[in-house]
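Novice: My structure is stored as my_file.txt, with compact mmCIF, C-alpha atoms.
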```txt
# COMPACT_ATOMS: atom_id res chain seq x y z
CA MET P 1 46.41 6.28 129.10
CA ALA P 2 45.04 8.66 126.49
CA SER P 3 42.94 11.65 127.49
CA CYS P 4 40.57 13.92 125.60
CA VAL P 5 41.47 16.79 127.95
CA PRO P 6 43.64 19.41 126.20
CA PRO P 7 47.19 19.58 127.63
CA GLU P 8 46.68 23.18 128.78
CA ALA P 9 43.57 22.24 130.77
CA ALA P 10 45.20 19.08 132.11
CA LEU P 11 48.24 20.95 133.40
CA THR P 12 46.16 23.69 134.99
CA SER P 13 43.93 21.08 136.64
CA ALA P 14 46.99 19.28 138.04
CA VAL P 15 48.38 22.50 139.52
CA VAL P 16 45.01 23.46 141.05
CA TRP P 17 44.73 20.00 142.63
CA LEU P 18 48.20 20.27 144.14
CA TYR P 19 47.27 23.63 145.66
CA SER P 20 44.17 22.03 147.20
CA GLU P 21 46.37 19.27 148.62
CA ALA P 22 48.99 21.60 150.15
CA ALA P 23 51.62 20.12 147.84
CA GLU P 24 54.16 22.51 146.34
CA PRO P 25 53.74 22.20 142.54
CA LYS P 26 57.31 21.39 141.63
CA VAL P 27 57.89 20.51 138.01
CA LYS P 28 58.58 16.81 138.64
CA LEU P 29 55.41 16.48 140.71
CA VAL P 30 53.29 18.20 138.07
CA GLN P 31 54.90 15.97 135.45
CA TRP P 32 53.96 12.83 137.44
CA LEU P 33 50.41 13.97 138.15
CA GLY P 34 49.80 15.04 134.58
CA HIS P 35 50.85 11.60 133.37
CA ARG P 36 48.95 9.72 136.06
CA ARG P 37 45.66 11.57 135.65
CA PHE P 38 45.65 12.65 132.03
CA GLY P 39 48.27 10.53 130.26
CA LEU P 40 50.51 13.51 129.49
CA ASN P 41 54.02 12.50 128.48
CA LEU P 42 55.95 15.75 128.69
CA ASN P 43 59.58 16.31 129.56
CA VAL P 44 60.70 19.29 131.63
CA SER P 45 61.35 21.42 128.56
CA ASP P 46 57.91 20.59 127.15
CA LEU P 47 56.28 21.57 130.45
CA ARG P 48 58.11 24.87 130.53
CA ASN P 49 57.05 25.69 126.98
CA LEU P 50 53.45 24.65 127.68
CA VAL P 51 53.19 26.79 130.83
CA GLU P 52 54.29 29.85 128.89
CA THR P 53 51.19 29.48 126.67
CA ILE P 54 48.66 29.16 129.53
CA PRO P 55 47.08 32.25 131.08
CA GLY P 56 46.85 32.23 134.86
CA VAL P 57 49.95 30.16 135.58
CA TYR P 58 53.61 31.12 135.70
CA LEU P 59 57.05 29.70 136.37
CA GLU P 60 59.11 30.33 139.47
CA PRO P 61 61.93 31.04 138.87
CA SER P 62 61.25 32.35 135.40
CA THR P 63 64.82 31.69 134.27
CA PRO P 64 65.72 28.22 132.93
CA ASN P 65 65.89 25.84 135.86
CA ARG P 66 65.07 22.13 136.08
CA GLN P 67 63.67 22.61 139.60
CA PHE P 68 61.11 25.30 138.85
CA LEU P 69 57.60 25.58 140.31
CA ILE P 70 54.40 25.99 138.31
CA LEU P 71 52.29 28.49 140.26
CA LEU P 72 48.86 30.06 139.94
CA GLU P 73 48.66 33.83 139.45
CA ASP P 74 45.44 33.83 141.49
CA PRO P 75 45.83 31.06 144.10
CA PRO P 76 42.86 29.87 146.17
CA PRO P 77 42.22 31.84 149.37
CA ASN P 78 44.21 30.65 152.39
CA SER P 79 46.19 28.19 150.27
CA HIS P 80 49.50 27.01 151.66
CA PHE P 81 52.07 24.30 151.02
CA SER P 82 52.95 21.70 153.63
CA ASP P 83 56.52 22.11 154.87
CA GLY P 84 56.86 19.01 157.05
CA SER P 85 56.75 20.89 160.32
CA GLY P 86 53.41 19.44 161.41
CA ILE P 87 53.86 15.70 160.92
CA CYS P 88 55.60 15.28 164.28
CA MET P 89 52.25 16.23 165.81
CA LEU P 90 50.64 13.18 164.18
CA PRO P 91 52.18 10.20 166.02
CA LYS P 92 49.43 7.75 165.07
CA ALA P 93 49.80 8.64 161.41
CA MET P 94 53.56 8.29 161.68
CA ASP P 95 53.14 4.82 163.22
CA GLU P 96 50.83 3.82 160.36
CA VAL P 97 53.34 5.10 157.79
CA SER P 98 56.10 3.11 159.49
CA ARG P 99 53.96 -0.04 159.45
CA LEU P 100 53.03 0.30 155.79
CA LEU P 101 56.55 1.06 154.63
CA GLY P 102 57.81 -1.90 156.65
CA GLU P 103 55.37 -4.19 154.82
CA GLY P 104 56.08 -2.66 151.41
CA GLY P 105 54.04 -3.37 148.30
CA TRP P 106 53.72 0.07 146.69
CA PRO P 107 53.56 0.22 142.87
CA LEU P 108 56.62 1.09 140.84
CA SER P 109 56.55 4.43 139.08
CA THR P 110 57.29 4.58 135.36
CA ARG P 111 60.22 6.89 136.20
CA ALA P 112 62.53 6.32 139.15
CA GLU P 113 62.53 10.05 139.96
CA HIS P 114 58.75 9.89 140.53
CA GLN P 115 58.83 7.02 143.03
CA ALA P 116 58.33 9.27 146.08
CA PHE P 117 55.07 10.55 144.60
CA GLU P 118 53.84 7.03 143.93
CA ILE P 119 54.63 5.99 147.49
CA ALA P 120 52.83 9.04 148.89
CA SER P 121 49.74 8.22 146.84
CA TRP P 122 49.88 4.59 147.95
CA LEU P 123 50.19 5.57 151.61
CA ARG P 124 47.13 7.76 151.33
CA SER P 125 45.00 4.76 150.36
CA SER P 126 45.19 3.66 154.01
CA PRO P 127 41.97 4.42 155.93
CA GLN P 128 44.12 5.86 158.73
CA LEU P 129 45.82 8.32 156.37
CA CYS P 130 43.19 9.19 153.76
CA ASP P 131 42.09 12.37 155.55
CA LEU P 132 45.57 13.87 155.40
CA SER P 133 46.66 15.99 152.46
CA PHE P 134 48.88 14.75 149.68
CA GLY P 135 51.42 17.37 150.73
CA GLN P 136 51.55 15.77 154.17
CA MET P 137 52.04 12.36 152.58
CA LEU P 138 55.05 13.71 150.71
CA ASP P 139 56.38 15.04 154.01
CA PHE P 140 55.99 11.59 155.55
CA VAL P 141 57.95 10.04 152.67
CA GLN P 142 60.76 12.56 153.16
CA ASN P 143 60.71 11.90 156.90
CA ALA P 144 60.87 8.15 156.26
CA ARG P 145 64.16 8.65 154.40
CA GLN P 146 65.56 10.52 157.38
CA ARG P 147 64.45 7.72 159.72
CA ASN P 148 65.99 5.01 157.51
CA LEU P 149 62.64 3.48 156.60
CA LEU P 150 63.38 4.19 152.94
CA GLY P 151 66.60 4.24 150.98
CA THR P 152 67.62 4.23 147.33
CA SER P 153 68.64 1.57 144.88
CA ARG P 154 69.38 2.46 141.25
CA ASP P 155 68.02 5.94 141.96
CA ARG P 156 64.65 4.52 143.04
CA LEU P 157 63.17 4.65 146.55
CA VAL P 158 63.01 1.20 148.17
CA GLN P 159 62.65 -0.28 151.63
CA TYR P 160 65.77 0.54 153.60
CA GLN P 161 66.79 -3.11 154.01
CA HIS P 162 67.06 -3.36 150.21
CA SER P 163 68.85 -0.06 149.72
CA ASP P 164 72.37 0.90 148.70
CA GLU P 165 72.67 2.76 152.01
CA MET P 166 72.02 -0.46 153.95
CA ARG P 167 74.57 -2.35 151.87
CA ARG P 168 77.16 0.35 152.51
CA MET P 169 76.53 0.22 156.26
CA CYS P 170 76.94 -3.58 156.25
CA ASN P 171 80.16 -3.22 154.31
CA ILE P 172 81.47 -0.67 156.82
CA LYS P 173 80.73 -3.00 159.73
CA GLU P 174 82.52 -5.85 157.94
CA LEU P 175 85.43 -3.59 156.87
CA ARG P 176 84.67 -4.39 153.26
CA PRO P 177 84.71 -1.82 150.44
CA THR P 178 81.46 -1.28 148.59
CA GLY P 179 81.41 -2.68 145.08
CA VAL P 180 83.83 -5.59 145.64
CA ARG P 181 82.85 -8.63 143.60
CA PRO P 182 82.88 -12.15 145.10
CA GLY P 183 86.46 -13.45 145.22
CA GLU P 184 87.96 -10.07 144.41
CA PHE P 185 91.02 -9.07 146.47
CA TYR P 186 90.97 -5.90 148.55
CA VAL P 187 93.02 -4.35 151.35
CA SER P 188 91.09 -5.27 154.48
CA SER P 189 93.44 -4.14 157.26
CA TRP P 190 96.65 -2.24 158.05
CA PRO P 191 98.73 -5.46 158.20
CA VAL P 192 97.51 -6.37 154.70
CA LEU P 193 98.36 -2.88 153.47
CA ARG P 194 101.86 -3.09 154.99
CA GLY P 195 102.33 -6.46 153.35
CA CYS P 196 101.33 -5.03 149.97
CA LEU P 197 103.74 -2.11 150.37
CA THR P 198 106.56 -4.45 151.44
CA TYR P 199 105.95 -6.58 148.35
CA LEU P 200 105.93 -3.54 146.05
CA LEU P 201 109.09 -2.08 147.56
```
As structure tokens, please, write out the structure in this file.
Specialist:
Amino acid sequence: MASCVPPEAALTSAVVWLYSEAAEPKVKLVQWLGHRRFGLNLNVSDLRNLVETIPGVYLEPSTPNRQFLILLEDPPPNSHFSDGSGICMLPKAMDEVSRLLGEGGWPLSTRAEHQAFEIASWLRSSPQLCDLSFGQMLDFVQNARQRNLLGTSRDRLVQYQHSDEMRRMCNIKELRPTGVRPGEFYVSSWPVLRGCLTYLL
């Protein structure tokens, strides 16, 4: 998606929006939003270099770091970033998040590392969740990982039942190593191990 908005204005607009949505403007989040809204295709190094040319924004920390924040020198009054502490006070919203994640159907992000942001945006399209901030939606996604509603597969967030974590748990219950191919031999018990050692000795 091409945009006639200059990159400097697009990045500043993305950061201002994240402030308004109580979402901490981490570099990966700004990168995703800049691409989604304005078609910016910038890597982390490009973003760092761009920020250094824009008055009114700065990097935290200022030293090279792939996890830096892009902050406003003059933030809006009473602005704050959601820290996840309040979502436990929203049981109905949490139930709606659980229902939606159980059904699935969110769009895939162009980058696996941005999948959490895409899920948060998708969740917010629910009429029961649309009044909550985007920062809160990100908190719900993080909470869903802790509650085993979401897991990872090939570095991308997926429903837990399709995740690597779920496969590992199934393998543990069946005393089977993770990564064994069909028909491949493995040591499944102490008697088998003793038999292998007896054969080798």
Novice: Within 12 Å of segment 43-50 of chain P, counting only C-alpha atoms, which residues qualify if same-chain residues fewer than 5 places away don't, as a PyMOL selection string?
Specialist: chain P and resi 6-12+26-32+34-35+55+57-71+111
Novice: Which of these, P:Ser20, P:Ser189, P:Ser13, P:Gln159, has the shortest distance to Gly105 of chain P once you count all atoms listed in the file?
Specialist: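 So, comparing all the options, the nearest one is P:Gln159.
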Novice: Can you list, as a list in words, every protein, DNA or RNA residue that comes within 12 Å of Asp155 of chain P when you count all atoms listed in the file, leaving out same-chain residues fewer than 6 positions away?
Specialist: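 So the residues in contact are Ser109, Arg111, Ala112, Glu113, His114, Gln115, Ala116, Ser163, Asp164 and Glu165 of chain P.
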Novice: Which residue out of P:Val16, P:Leu33, P:Phe81, P:Leu200 has the minimum interatomic distance to Gly56 of chain P when all atoms listed in the file are used?
Specialist: P:Val16
Novice: When you look at Tyr19 of chain P with a cut-off of 8 Å (counting all atoms listed in the file), what residues show up, excluding the ones that are within fewer than 5 positions of it in the same chain? I need them as a VMD selection string.
Specialist: chain P and resid 24 to 25 75 to 76 79 to 81
Novice: What does the distance from atom CA of Leu129 of chain P to atom CA of Lys92 of chain P come to in Å, to one decimal?
Specialist: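 Atom CA of Leu129 of chain P sits 9.4 Å away from atom CA of Lys92 of chain P.
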Novice: Out of P:Glu96, P:Asp74, P:Asp83, P:Glu118, which residue has the shortest atom-to-atom distance to Val158 of chain P when counting all atoms listed in the file?
Specialist: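 Closest to Val158 of chain P of all the choices is P:Glu118.
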Novice: Check the smallest atom-to-atom distance from each of P:Cys4, P:Ile54, P:Val97, P:Ala22 to Leu149 of chain P using all atoms listed in the file, then report the winner.
Specialist: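 Ranking P:Cys4, P:Ile54, P:Val97, P:Ala22 by distance to Leu149 of chain P, first place goes to P:Val97.
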Novice: Considering all atoms listed in the file, state which residue in the set P:Ile87, P:Met137, P:Arg167, P:Glu174 is at the smallest distance from Gly151 of chain P.
Specialist: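 Residue with the minimum atom-to-atom distance to Gly151 of chain P: P:Arg167.
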Novice: To one decimal place in Å, what is the distance between atom CA of Val15 of chain P and atom CA of Leu72 of chain P?
Specialist: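 Separation between atom CA of Val15 of chain P and atom CA of Leu72 of chain P: 7.6 Å.
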Novice: Which of these residues is nearest to Leu138 of chain P, using all atoms listed in the file: P:Leu90, P:Ala14, P:Val51, P:Ala23?
Specialist: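 Comparing P:Leu90, P:Ala14, P:Val51, P:Ala23 against Leu138 of chain P, the winner is P:Ala23.
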Novice: Would you work out the distance separating atom CA of Leu150 of chain P from atom CA of Leu101 of chain P, expressed in Å to one decimal?
Specialist: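 Here the two named atoms are 7.7 Å from each other.
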Novice: Can you tell me, as AutoDock Vina command-line options, the centre and edge lengths (Å, one decimal) of the axis-aligned box enclosing all of segment 163-170 of chain P's listed atoms after padding each side by 4 Å?
Specialist:
```
--center_x 73.0 --center_y -0.4 --center_z 152.5 --size_x 16.3 --size_y 14.3 --size_z 15.6
```
Novice: Determine, counting all atoms listed in the file, every residue of protein, DNA or RNA that lies within 10 Å of (56.7, 10.9, 161.5) in the file coordinates, then give the result as a ChimeraX atom specification.
Specialist: /P:84,86-98,139-144,146-147
Novice: Please rebuild segment 153-173 of chain P with N, CA and C atoms and give the result as a tab-separated table (two decimals), in the frame of the given file.
Specialist:
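Result file is out_16.tsv:
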```tsv
chain	number	residue	atom	x	y	z
P	153	SER	N	67.94	2.59	145.64
P	153	SER	CA	68.64	1.57	144.88
P	153	SER	C	68.40	1.85	143.41
P	154	ARG	N	69.48	2.07	142.65
P	154	ARG	CA	69.38	2.46	141.25
P	154	ARG	C	68.50	3.70	141.09
P	155	ASP	N	68.70	4.65	141.99
P	155	ASP	CA	68.02	5.94	141.96
P	155	ASP	C	66.53	5.85	142.26
P	156	ARG	N	66.06	4.68	142.72
P	156	ARG	CA	64.65	4.52	143.04
P	156	ARG	C	64.48	4.29	144.54
P	157	LEU	N	63.43	4.87	145.14
P	157	LEU	CA	63.17	4.65	146.55
P	157	LEU	C	62.72	3.22	146.80
P	158	VAL	N	63.32	2.58	147.80
P	158	VAL	CA	63.01	1.20	148.17
P	158	VAL	C	62.99	1.10	149.69
P	159	GLN	N	62.53	-0.04	150.19
P	159	GLN	CA	62.65	-0.28	151.63
P	159	GLN	C	64.12	-0.23	152.02
P	160	TYR	N	64.38	0.30	153.20
P	160	TYR	CA	65.77	0.54	153.60
P	160	TYR	C	66.60	-0.74	153.57
P	161	GLN	N	66.01	-1.87	153.96
P	161	GLN	CA	66.79	-3.11	154.01
P	161	GLN	C	67.24	-3.58	152.64
P	162	HIS	N	66.66	-3.01	151.58
P	162	HIS	CA	67.06	-3.36	150.21
P	162	HIS	C	67.83	-2.23	149.53
P	163	SER	N	68.27	-1.27	150.30
P	163	SER	CA	68.85	-0.06	149.72
P	163	SER	C	70.38	-0.12	149.62
P	164	ASP	N	70.92	0.75	148.79
P	164	ASP	CA	72.37	0.90	148.70
P	164	ASP	C	72.94	1.39	150.02
P	165	GLU	N	72.19	2.25	150.72
P	165	GLU	CA	72.67	2.76	152.01
P	165	GLU	C	72.86	1.63	153.01
P	166	MET	N	71.92	0.68	153.03
P	166	MET	CA	72.02	-0.46	153.95
P	166	MET	C	73.22	-1.33	153.59
P	167	ARG	N	73.42	-1.54	152.30
P	167	ARG	CA	74.57	-2.35	151.87
P	167	ARG	C	75.88	-1.69	152.26
P	168	ARG	N	75.94	-0.36	152.13
P	168	ARG	CA	77.16	0.35	152.51
P	168	ARG	C	77.42	0.24	154.01
P	169	MET	N	76.36	0.34	154.81
P	169	MET	CA	76.53	0.22	156.26
P	169	MET	C	77.02	-1.17	156.64
P	170	CYS	N	76.48	-2.20	155.99
P	170	CYS	CA	76.94	-3.58	156.25
P	170	CYS	C	78.40	-3.74	155.87
P	171	ASN	N	78.77	-3.14	154.74
P	171	ASN	CA	80.16	-3.22	154.31
P	171	ASN	C	81.10	-2.52	155.30
P	172	ILE	N	80.65	-1.39	155.83
P	172	ILE	CA	81.47	-0.67	156.82
P	172	ILE	C	81.68	-1.54	158.06
P	173	LYS	N	80.62	-2.17	158.54
P	173	LYS	CA	80.73	-3.00	159.73
P	173	LYS	C	81.66	-4.20	159.51
```
